[in-house]
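Trainee: Below is a structure I'd like to ask you about.
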Amino acid sequence: MQQRGTLVQRLLLLALATSLLTASSLEFWNVTWGTGEWLGLFSFKWALAFFLFILFCMVCLIGMILILWENERISSFSNKTASLRDKLGTIRWVVVFLVLIVPVWLLQYTAWGIILDGPYLRLMIWALSAGLLGILLTQTKGKNITWLGFLSALVLISGTTVFAVSLSNVTEYPFSLGWSEGNRWWDYSILFGRDLYDYPADKPIPVLLDIGRQFIGGIAFLIPGVTIWQARLWVGLVNVVPYLILGLLAFKTSDGNRSYWILAGIWVMVYVIQGPIHPPLLLCAILVAFAWRKPLWLAVPLVLVASYFALVSRFTWLFAPGIWAGMLELSGATLQNNRLSKGSWGRATSVGLAGIFGGYMAPFLVPGFIVWVSSFFRQSNGDLVNHAGGGVSISAIGSQVSAQELLWYRLLPNATYGYGILIGLLLAVVPLIAIMVYLSISRRWVLNIWQKLAIIFPLLAFLLVGLIVSVKIGGGGDLHNMDMFIIGLLFAGVIAWQHSGRDWILQTDRSPVWIRIVLILMVVIPAYRSLKSLTPNAIAEEDMPWVMTLADIPPTGPFPELLPYERDTNKALEDIRREVELAAPNGDILFMDQRQLLTFGYITSVPLVPEYDKKVLINEALSANNQYFENFYQDLASRRFSLIITHPLHEKIQTDSDQFGEENNAWVEWVSSPLLCFYEPLETLKKVKIQLLAPKQDISGCAQYLDK
């Protein structure tokens, strides 16, 4: 039976390797074919490259067959390889670093990231890197590669890929890198950098973001003269480092084995970033993980603060920290005769109540406390009171959820999110759930009924809330609204790890083959999206001809999403400056989009108009808020703005077969069509995706918008 199982494993590995190498060869054929006329449509150079690639794939396949069937010569060669590795000393870790960095550098910072964009070529690069790294990480003397070494290699490669992608937008490019990326800097800057704007100091500046997200994103603006490159670096780090911190805190053990602890922390970074999850909620999860098993005098206030911060960051999060904390304390407790002790119940109840108080009750009390403290210093803190207060009621939560349309079809595959929320979520979490179920069934992880309920009920609640919020119009483009569920599932995995799961993982080379496959999927699936996302955001102009040839890009496009060349960027910036200077004496200048040009000083001496940020406009359009748009249309009709800066507008109505079709239609109905009725394009800067609008002379056909 054991021999049959070994044969099945060998045949399965051989089939996977053959499929991957064959598919990679076909993708490399597509790269090299069409480069000349020396042999068919091969140039001599690329024909040679293709045949060498095929030869390499054949050598890999033959080598794998010899290894799997334990050929004596291969075994002798493997022993020599292991011996050489053991003698490398410090050089070994230099090679480890290079194996981790070179593939990322190749795909994200060179033109090859555009050419080698096929999934199988990338998976092949990944697999080869994992194999080489697994050999280097294997600690067993005389052993070429072990299961644990290979699994560790996968975790490190996945972590490096995820980390690199989070820094892909760190650039000096002055214009927005996405639909709302530029204006997001405006949101972040107000808390600590409102002096960057020409605006009365005694007037509040309204922004869309809650205080939690403003605070974390705005820390960069504590640096005097911060540049857009530095700010993007800060947000890039914020979008990945907290995941790692959460993992290191959650999997912290006292046995002193740092390597496995660090690897577990890196896996958390890879797993949780599937959301992706907003940094404020990660900070709340970090506080909860730190509070776990700490004395109650420390744990209770930490959970209270986490819950309060969750509420002021996003109201749907208000109960999450308390529920997580209660789940960790109850399900992570040690059983006595299959029962929970009174102390365990007491701790779980205490942190749960602290979460309720911090998220639901404290927000009603904090504003009064701030006013009371301020009275002693005879200072007004109105802005701080507005940010810090604002508790919500259950009815208010219900009304906010029902204010916008629910698009249930986005649970299934659709144009906005290819997999659909349900399938995407299953791919993300099923491997971890399968491992936990296996540990429970095999009695490696023993819980009583109350501990099981303490895990299942919160996860079901988080799942239900996440699914509802995900199908709200404006959402459903990824799994970020499943954030509470994903973190809750992670904490359940941490509990399983603490209850002998760690010892089991170290011995999984003796487990059924399907378990090892699931463990590999648990590492690879979360990182696969990042692997596909590795691509340069700019390449040198002189490289474009050969890139177009190898990437099969026709002269008319479509072209890859790259930043404009520097000369085009500078020209666009000068054009905007010129038009702003000409229009300034005739009325207000509205940066409906690209507000970061004011934030970072690319456009100066222009008074700020805080109203009508594009993110606010789309949010109100999705709610069909007629009252809000009355003022907007009146300002347009009165020609209040002599110039409006926006992204290129259109009036095309879309269907649910288009990505974010309903959102587009709301924007067209409430913003784009009215705006193009009152204003007309003055200049469209296609290369930087910006449009400048000036008032129309004839607006006789726009009365319909004033009568709404």
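By convention in this document, the chains of the structure tokens carry letters A, B, ... by their order, each chain's residues are numbered from 1, and ligands are numbered from 1 in the order they are shown.
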As a CSV table (one decimal) with N, CA and C atoms, in the first residue's frame, which residues of segment 491-697 of chain A does DSSP assign to strand (DSSP E)?
Mentor:
```csv
chain,number,residue,atom,x,y,z
A,588,ASP,N,-13.2,80.4,-9.4
A,588,ASP,CA,-12.5,79.4,-8.6
A,588,ASP,C,-12.0,78.3,-9.6
A,589,ILE,N,-10.9,77.7,-9.1
A,589,ILE,CA,-10.3,76.5,-9.9
A,589,ILE,C,-10.7,75.3,-9.1
A,590,LEU,N,-11.4,74.3,-9.7
A,590,LEU,CA,-11.9,73.1,-9.0
A,590,LEU,C,-11.0,71.9,-9.4
A,591,PHE,N,-10.2,71.4,-8.5
A,591,PHE,CA,-9.5,70.2,-8.8
A,591,PHE,C,-10.5,69.0,-8.3
A,641,PHE,N,-16.9,78.0,-11.4
A,641,PHE,CA,-15.5,77.6,-11.6
A,641,PHE,C,-15.1,78.0,-13.0
A,642,SER,N,-14.0,78.7,-13.1
A,642,SER,CA,-13.4,79.1,-14.4
A,642,SER,C,-12.7,77.9,-15.0
A,643,LEU,N,-12.3,76.9,-14.2
A,643,LEU,CA,-11.6,75.8,-14.8
A,643,LEU,C,-11.8,74.6,-13.8
A,644,ILE,N,-12.1,73.4,-14.4
A,644,ILE,CA,-12.3,72.2,-13.6
A,644,ILE,C,-11.3,71.2,-14.2
A,645,ILE,N,-10.6,70.6,-13.3
A,645,ILE,CA,-9.6,69.5,-13.6
A,645,ILE,C,-10.2,68.2,-13.2
A,646,THR,N,-10.4,67.3,-14.2
A,646,THR,CA,-11.0,66.0,-13.9
A,646,THR,C,-10.3,64.9,-14.8
A,679,TYR,N,-20.4,72.5,-18.8
A,679,TYR,CA,-19.0,72.8,-19.2
A,679,TYR,C,-18.6,72.0,-20.4
A,680,GLU,N,-17.5,72.4,-21.0
A,680,GLU,CA,-17.0,71.7,-22.2
A,680,GLU,C,-15.5,71.5,-22.1
A,681,PRO,N,-15.0,70.5,-22.8
A,681,PRO,CA,-13.5,70.2,-22.7
A,681,PRO,C,-12.7,71.4,-23.3
A,682,LEU,N,-11.8,71.9,-22.6
A,682,LEU,CA,-10.9,72.9,-23.0
A,682,LEU,C,-9.7,72.2,-23.6
A,683,GLU,N,-9.2,71.2,-23.0
A,683,GLU,CA,-8.1,70.4,-23.4
A,683,GLU,C,-8.1,69.0,-22.8
A,684,THR,N,-7.8,68.0,-23.5
A,684,THR,CA,-7.8,66.6,-23.0
A,684,THR,C,-6.3,66.1,-23.2
A,685,LEU,N,-5.7,65.8,-22.0
A,685,LEU,CA,-4.3,65.4,-22.0
A,685,LEU,C,-4.4,63.8,-21.9
A,690,ILE,N,-6.1,63.2,-18.2
A,690,ILE,CA,-6.6,64.4,-17.5
A,690,ILE,C,-7.4,65.2,-18.5
A,691,GLN,N,-8.5,65.8,-18.1
A,691,GLN,CA,-9.3,66.7,-18.9
A,691,GLN,C,-9.5,68.0,-18.2
A,692,LEU,N,-9.4,69.1,-19.0
A,692,LEU,CA,-9.6,70.4,-18.4
A,692,LEU,C,-10.9,71.0,-19.0
A,693,LEU,N,-11.8,71.4,-18.1
A,693,LEU,CA,-13.1,71.9,-18.6
A,693,LEU,C,-13.3,73.3,-18.3
A,694,ALA,N,-14.0,74.0,-19.3
A,694,ALA,CA,-14.3,75.5,-19.1
A,694,ALA,C,-15.8,75.7,-19.3
A,695,PRO,N,-16.3,76.7,-18.7
A,695,PRO,CA,-17.8,77.0,-18.8
A,695,PRO,C,-18.3,77.1,-20.3
```
Trainee: What lies within 8 Å of Thr227 of chain A using only C-alpha atoms, ignoring chain neighbours under 3 positions off, as an MDAnalysis selection string?
Mentor: chainID A and resid 230:231 600
Trainee: So what do you get for atom CA of Leu490 of chain A versus atom CA of Leu282 of chain A, distance-wise?
Mentor: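 Spanning atom CA of Leu490 of chain A to atom CA of Leu282 of chain A is a straight-line distance of 12.1 Å.
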Trainee: Just to confirm, what's the straight-line distance from atom CA of Gly113 of chain A to atom CA of Thr160 of chain A in Å (one decimal)?
Mentor: 16.0 Å
Trainee: Could you list, as JSON, numbers by chain, every residue within 7 Å of segment 514-530 of chain A, counting only C-alpha atoms and ignoring same-chain residues fewer than 4 positions away?
Mentor: {"A": [154, 155, 158, 161, 162, 165, 267, 270, 271, 274, 428, 431, 432, 508, 534]}
Trainee: Atom CA of Leu156 of chain A and atom CA of Val241 of chain A are how many Å apart?
Mentor: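 Between these atoms lies a distance of 14.8 Å.
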Trainee: Using only C-alpha atoms, determine which residues lie at most 12 Å from Ile205 of chain A, disregarding the query and same-chain residues fewer than 6 positions distant; provide the list as a VMD selection string.
Mentor: chain A and resid 186 to 191 193 to 195 197 to 199 383 386 to 387 608 to 613
Trainee: Take the residues that were just selected and, keeping C-alpha atoms, output them as a PDB file, in the first residue's frame.
Mentor:
```pdb
ATOM      1  CA  TRP A 186      -5.650  64.920  -0.360  1.00  0.00           C
ATOM      2  CA  ASP A 187      -7.652  62.916   2.197  1.00  0.00           C
ATOM      3  CA  TYR A 188      -4.504  61.788   4.006  1.00  0.00           C
ATOM      4  CA  SER A 189      -2.915  65.236   4.108  1.00  0.00           C
ATOM      5  CA  ILE A 190      -5.637  67.213   5.880  1.00  0.00           C
ATOM      6  CA  LEU A 191      -5.107  65.878   9.410  1.00  0.00           C
ATOM      7  CA  GLY A 193      -0.848  68.954   6.608  1.00  0.00           C
ATOM      8  CA  ARG A 194      -3.742  71.330   6.092  1.00  0.00           C
ATOM      9  CA  ASP A 195      -1.246  74.200   6.049  1.00  0.00           C
ATOM     10  CA  TYR A 197      -3.341  74.558   1.171  1.00  0.00           C
ATOM     11  CA  ASP A 198      -4.462  78.132   0.584  1.00  0.00           C
ATOM     12  CA  TYR A 199      -7.585  77.979   2.741  1.00  0.00           C
ATOM     13  CA  ASP A 383     -12.412  69.491  14.692  1.00  0.00           C
ATOM     14  CA  ASN A 386     -16.062  65.918  15.248  1.00  0.00           C
ATOM     15  CA  HIS A 387     -13.417  63.321  14.412  1.00  0.00           C
ATOM     16  CA  LEU A 608      -8.395  75.382  -2.276  1.00  0.00           C
ATOM     17  CA  VAL A 609     -11.972  74.451  -3.164  1.00  0.00           C
ATOM     18  CA  PRO A 610     -12.635  71.501  -0.813  1.00  0.00           C
ATOM     19  CA  GLU A 611     -16.073  70.668  -2.249  1.00  0.00           C
ATOM     20  CA  TYR A 612     -16.808  68.194  -5.003  1.00  0.00           C
ATOM     21  CA  ASP A 613     -13.957  65.761  -4.617  1.00  0.00           C
TER      22      ASP A 613
END
```
Trainee: Which polymer residues have any atom within 8 Å of an atom of Arg314 of chain A, counting only C-alpha atoms, with same-chain residues fewer than 4 positions away left out, as an MDAnalysis selection string?
Mentor: chainID A and resid 210 212 310 318
Trainee: Which residue out of A:Ser500, A:Gln451, A:Thr535, A:Asn338 has the minimum interatomic distance to Val104 of chain A when only C-alpha atoms are used?
Mentor: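 Once distances to Val104 of chain A are computed over only C-alpha atoms, the minimum belongs to A:Thr535.
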Trainee: From a DSSP pass on the backbone, collect the residues of segment 179-354 of chain A flagged as alpha helix (DSSP H) and hand them back as a VMD selection string.
Mentor: chain A and resid 181 to 193 211 to 218 228 to 238 241 to 250 258 to 272 279 to 291 296 to 313 320 to 331 342 to 354
Trainee: For the selection just defined, write its residues with C-alpha atoms to a file, as a JSON list (two decimals), in the first residue's frame.
Mentor:
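Full text of out.json as output:
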```
[["chain", "number", "residue", "atom", "x", "y", "z"],
["A", 181, "GLU", "CA", -5.11, 57.43, -5.93],
["A", 182, "GLY", "CA", -4.23, 61.10, -6.38],
["A", 183, "ASN", "CA", -7.20, 62.43, -4.44],
["A", 184, "ARG", "CA", -6.52, 59.91, -1.69],
["A", 185, "TRP", "CA", -3.41, 61.92, -0.87],
["A", 186, "TRP", "CA", -5.65, 64.92, -0.36],
["A", 187, "ASP", "CA", -7.65, 62.92, 2.20],
["A", 188, "TYR", "CA", -4.50, 61.79, 4.01],
["A", 189, "SER", "CA", -2.92, 65.24, 4.11],
["A", 190, "ILE", "CA", -5.64, 67.21, 5.88],
["A", 191, "LEU", "CA", -5.11, 65.88, 9.41],
["A", 192, "PHE", "CA", -1.43, 66.83, 9.70],
["A", 193, "GLY", "CA", -0.85, 68.95, 6.61],
["A", 211, "ILE", "CA", -10.22, 59.54, 11.07],
["A", 212, "GLY", "CA", -8.57, 56.12, 11.40],
["A", 213, "ARG", "CA", -7.56, 55.92, 7.75],
["A", 214, "GLN", "CA", -6.67, 59.62, 7.70],
["A", 215, "PHE", "CA", -4.38, 59.14, 10.67],
["A", 216, "ILE", "CA", -2.41, 56.18, 9.32],
["A", 217, "GLY", "CA", -2.12, 57.49, 5.77],
["A", 218, "GLY", "CA", -1.39, 61.00, 7.01],
["A", 228, "ILE", "CA", 5.06, 62.29, -3.42],
["A", 229, "TRP", "CA", 7.75, 59.59, -3.72],
["A", 230, "GLN", "CA", 8.24, 59.54, 0.06],
["A", 231, "ALA", "CA", 4.49, 59.51, 0.70],
["A", 232, "ARG", "CA", 3.99, 56.62, -1.71],
["A", 233, "LEU", "CA", 6.82, 54.74, -0.03],
["A", 234, "TRP", "CA", 5.10, 55.22, 3.33],
["A", 235, "VAL", "CA", 1.75, 53.94, 2.06],
["A", 236, "GLY", "CA", 3.48, 51.07, 0.24],
["A", 237, "LEU", "CA", 5.09, 49.99, 3.51],
["A", 238, "VAL", "CA", 1.85, 50.52, 5.44],
["A", 241, "VAL", "CA", 4.37, 45.69, 7.01],
["A", 242, "PRO", "CA", 1.34, 45.58, 9.37],
["A", 243, "TYR", "CA", 0.44, 42.16, 7.95],
["A", 244, "LEU", "CA", 3.88, 40.91, 8.93],
["A", 245, "ILE", "CA", 3.62, 42.47, 12.41],
["A", 246, "LEU", "CA", 0.23, 40.82, 12.90],
["A", 247, "GLY", "CA", 1.69, 37.45, 11.96],
["A", 248, "LEU", "CA", 4.70, 37.77, 14.23],
["A", 249, "LEU", "CA", 2.51, 38.76, 17.21],
["A", 250, "ALA", "CA", -0.15, 36.12, 16.55],
["A", 258, "ARG", "CA", 12.80, 32.01, 15.66],
["A", 259, "SER", "CA", 13.05, 30.63, 12.12],
["A", 260, "TYR", "CA", 9.64, 28.90, 12.21],
["A", 261, "TRP", "CA", 8.11, 31.88, 14.01],
["A", 262, "ILE", "CA", 9.34, 34.27, 11.31],
["A", 263, "LEU", "CA", 8.16, 31.94, 8.54],
["A", 264, "ALA", "CA", 4.71, 31.78, 10.15],
["A", 265, "GLY", "CA", 4.63, 35.58, 10.32],
["A", 266, "ILE", "CA", 5.55, 35.85, 6.63],
["A", 267, "TRP", "CA", 2.81, 33.37, 5.74],
["A", 268, "VAL", "CA", 0.29, 35.57, 7.57],
["A", 269, "MET", "CA", 1.42, 38.51, 5.47],
["A", 270, "VAL", "CA", 0.83, 36.47, 2.31],
["A", 271, "TYR", "CA", -2.51, 35.04, 3.48],
["A", 272, "VAL", "CA", -4.22, 38.09, 4.96],
["A", 279, "PRO", "CA", -4.42, 49.31, 7.64],
["A", 280, "PRO", "CA", -6.69, 50.61, 10.47],
["A", 281, "LEU", "CA", -8.38, 47.21, 10.83],
["A", 282, "LEU", "CA", -4.96, 45.54, 10.74],
["A", 283, "LEU", "CA", -3.87, 47.84, 13.56],
["A", 284, "CYS", "CA", -6.94, 46.76, 15.55],
["A", 285, "ALA", "CA", -6.07, 43.10, 14.90],
["A", 286, "ILE", "CA", -2.48, 43.75, 15.99],
["A", 287, "LEU", "CA", -3.70, 45.21, 19.30],
["A", 288, "VAL", "CA", -5.96, 42.18, 19.83],
["A", 289, "ALA", "CA", -3.12, 39.75, 19.04],
["A", 290, "PHE", "CA", -0.84, 41.59, 21.46],
["A", 291, "ALA", "CA", -3.54, 41.59, 24.17],
["A", 296, "LEU", "CA", -6.47, 41.66, 32.17],
["A", 297, "TRP", "CA", -5.32, 45.07, 33.39],
["A", 298, "LEU", "CA", -3.51, 45.38, 30.04],
["A", 299, "ALA", "CA", -5.72, 43.27, 27.76],
["A", 300, "VAL", "CA", -9.01, 45.04, 28.58],
["A", 301, "PRO", "CA", -7.85, 48.60, 27.74],
["A", 302, "LEU", "CA", -6.06, 47.37, 24.60],
["A", 303, "VAL", "CA", -9.23, 45.72, 23.30],
["A", 304, "LEU", "CA", -11.26, 48.80, 24.27],
["A", 305, "VAL", "CA", -8.89, 51.09, 22.33],
["A", 306, "ALA", "CA", -8.88, 48.71, 19.36],
["A", 307, "SER", "CA", -12.69, 48.68, 19.26],
["A", 308, "TYR", "CA", -12.93, 52.46, 19.52],
["A", 309, "PHE", "CA", -10.34, 52.90, 16.75],
["A", 310, "ALA", "CA", -12.24, 50.37, 14.61],
["A", 311, "LEU", "CA", -15.45, 52.38, 14.97],
["A", 312, "VAL", "CA", -13.89, 55.73, 14.06],
["A", 313, "SER", "CA", -12.19, 54.08, 11.07],
["A", 320, "ALA", "CA", -14.76, 42.99, 15.39],
["A", 321, "PRO", "CA", -11.96, 43.50, 17.97],
["A", 322, "GLY", "CA", -14.11, 42.39, 20.90],
["A", 323, "ILE", "CA", -15.31, 39.29, 19.05],
["A", 324, "TRP", "CA", -11.78, 38.36, 17.96],
["A", 325, "ALA", "CA", -10.49, 38.82, 21.50],
["A", 326, "GLY", "CA", -13.28, 36.71, 23.00],
["A", 327, "MET", "CA", -12.71, 33.99, 20.39],
["A", 328, "LEU", "CA", -8.96, 33.86, 21.10],
["A", 329, "GLU", "CA", -9.40, 33.76, 24.87],
["A", 330, "LEU", "CA", -12.17, 31.15, 24.87],
["A", 331, "SER", "CA", -11.01, 28.83, 22.08],
["A", 342, "LYS", "CA", -13.98, 29.96, 35.35],
["A", 343, "GLY", "CA", -10.87, 32.03, 34.69],
["A", 344, "SER", "CA", -11.12, 31.36, 30.95],
["A", 345, "TRP", "CA", -14.79, 32.34, 30.91],
["A", 346, "GLY", "CA", -13.98, 35.45, 32.92],
["A", 347, "ARG", "CA", -11.20, 36.56, 30.59],
["A", 348, "ALA", "CA", -13.31, 35.98, 27.47],
["A", 349, "THR", "CA", -16.24, 37.89, 28.98],
["A", 350, "SER", "CA", -14.02, 40.78, 30.11],
["A", 351, "VAL", "CA", -12.38, 41.40, 26.74],
["A", 352, "GLY", "CA", -15.70, 40.91, 24.94],
["A", 353, "LEU", "CA", -17.39, 43.54, 27.10],
["A", 354, "ALA", "CA", -14.39, 45.84, 26.62]]
```
Trainee: Given only C-alpha atoms as the basis, pick out the residue of A:Tyr109, A:Phe678, A:Trp147, A:Phe485 nearest to Ile699 of chain A.
Mentor: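 The closest residue to Ile699 of chain A is A:Phe678.
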Trainee: So that I can see what lies close to Trp69 of chain A, please list as a list in words the residues with an atom at most 12 Å from it, counting only C-alpha atoms and leaving out residues fewer than 6 positions away in the same chain.
Mentor: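 Residues meeting the cut-off are Thr6, Leu7, Gln9, Arg10, Leu11, Leu13, Leu14, Ile62, Gly63 and Ser75 of chain A.
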Trainee: Please list as a PyMOL selection string every residue within 10 Å of Leu61 of chain A, counting only C-alpha atoms and excluding residues in the same chain fewer than 5 positions away.
Mentor: chain A and resi 14+17-18+21+55-56+66-67
Trainee: How would the residues just picked look written out with N, CA and C atoms as a PDB file, in the first residue's frame?
Mentor:
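Contents of the output file out-v4.pdb:
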```
ATOM      1  N   LEU A  14       5.301  14.098 -11.615  1.00  0.00           N
ATOM      2  CA  LEU A  14       5.786  14.058 -12.993  1.00  0.00           C
ATOM      3  C   LEU A  14       4.760  14.680 -13.947  1.00  0.00           C
ATOM      4  N   ALA A  17       4.837  18.473 -13.483  1.00  0.00           N
ATOM      5  CA  ALA A  17       6.048  19.051 -14.071  1.00  0.00           C
ATOM      6  C   ALA A  17       5.961  19.052 -15.589  1.00  0.00           C
ATOM      7  N   THR A  18       5.490  17.958 -16.178  1.00  0.00           N
ATOM      8  CA  THR A  18       5.363  17.872 -17.633  1.00  0.00           C
ATOM      9  C   THR A  18       4.395  18.929 -18.159  1.00  0.00           C
ATOM     10  N   LEU A  21       6.049  22.496 -17.832  1.00  0.00           N
ATOM     11  CA  LEU A  21       7.128  22.708 -18.800  1.00  0.00           C
ATOM     12  C   LEU A  21       6.581  22.822 -20.221  1.00  0.00           C
ATOM     13  N   LEU A  55      15.596  22.644 -24.741  1.00  0.00           N
ATOM     14  CA  LEU A  55      16.612  21.729 -24.222  1.00  0.00           C
ATOM     15  C   LEU A  55      16.665  21.789 -22.700  1.00  0.00           C
ATOM     16  N   PHE A  56      16.573  22.992 -22.148  1.00  0.00           N
ATOM     17  CA  PHE A  56      16.575  23.161 -20.694  1.00  0.00           C
ATOM     18  C   PHE A  56      15.369  22.461 -20.069  1.00  0.00           C
ATOM     19  N   LEU A  66      14.743  10.978 -13.039  1.00  0.00           N
ATOM     20  CA  LEU A  66      15.838  10.250 -12.391  1.00  0.00           C
ATOM     21  C   LEU A  66      15.805  10.424 -10.874  1.00  0.00           C
ATOM     22  N   ILE A  67      15.434  11.648 -10.431  1.00  0.00           N
ATOM     23  CA  ILE A  67      15.358  11.896  -8.986  1.00  0.00           C
ATOM     24  C   ILE A  67      14.208  11.109  -8.366  1.00  0.00           C
TER      25      ILE A  67
END
```
Trainee: Enumerate, in order of chain and increasing residue number, the residues of segment 148-241 of chain A with an atom no farther than 6 Å from segment 120-141 of chain A, each with its shortest atom pair and distance in Å to one decimal, counting only C-alpha atoms, as CSV.
Mentor:
```
residue,atom,partner,partner_atom,distance
A:Gly149,CA,A:Thr138,CA,4.7
A:Phe150,CA,A:Gly134,CA,4.2
A:Ala153,CA,A:Gly134,CA,5.1
A:Leu154,CA,A:Ala130,CA,5.7
```
Trainee: Between A:Tyr602, A:Tyr360, A:Phe660, A:Tyr705, which has the minimum distance to Ser673 of chain A (counting only C-alpha atoms)?
Mentor: A:Tyr705
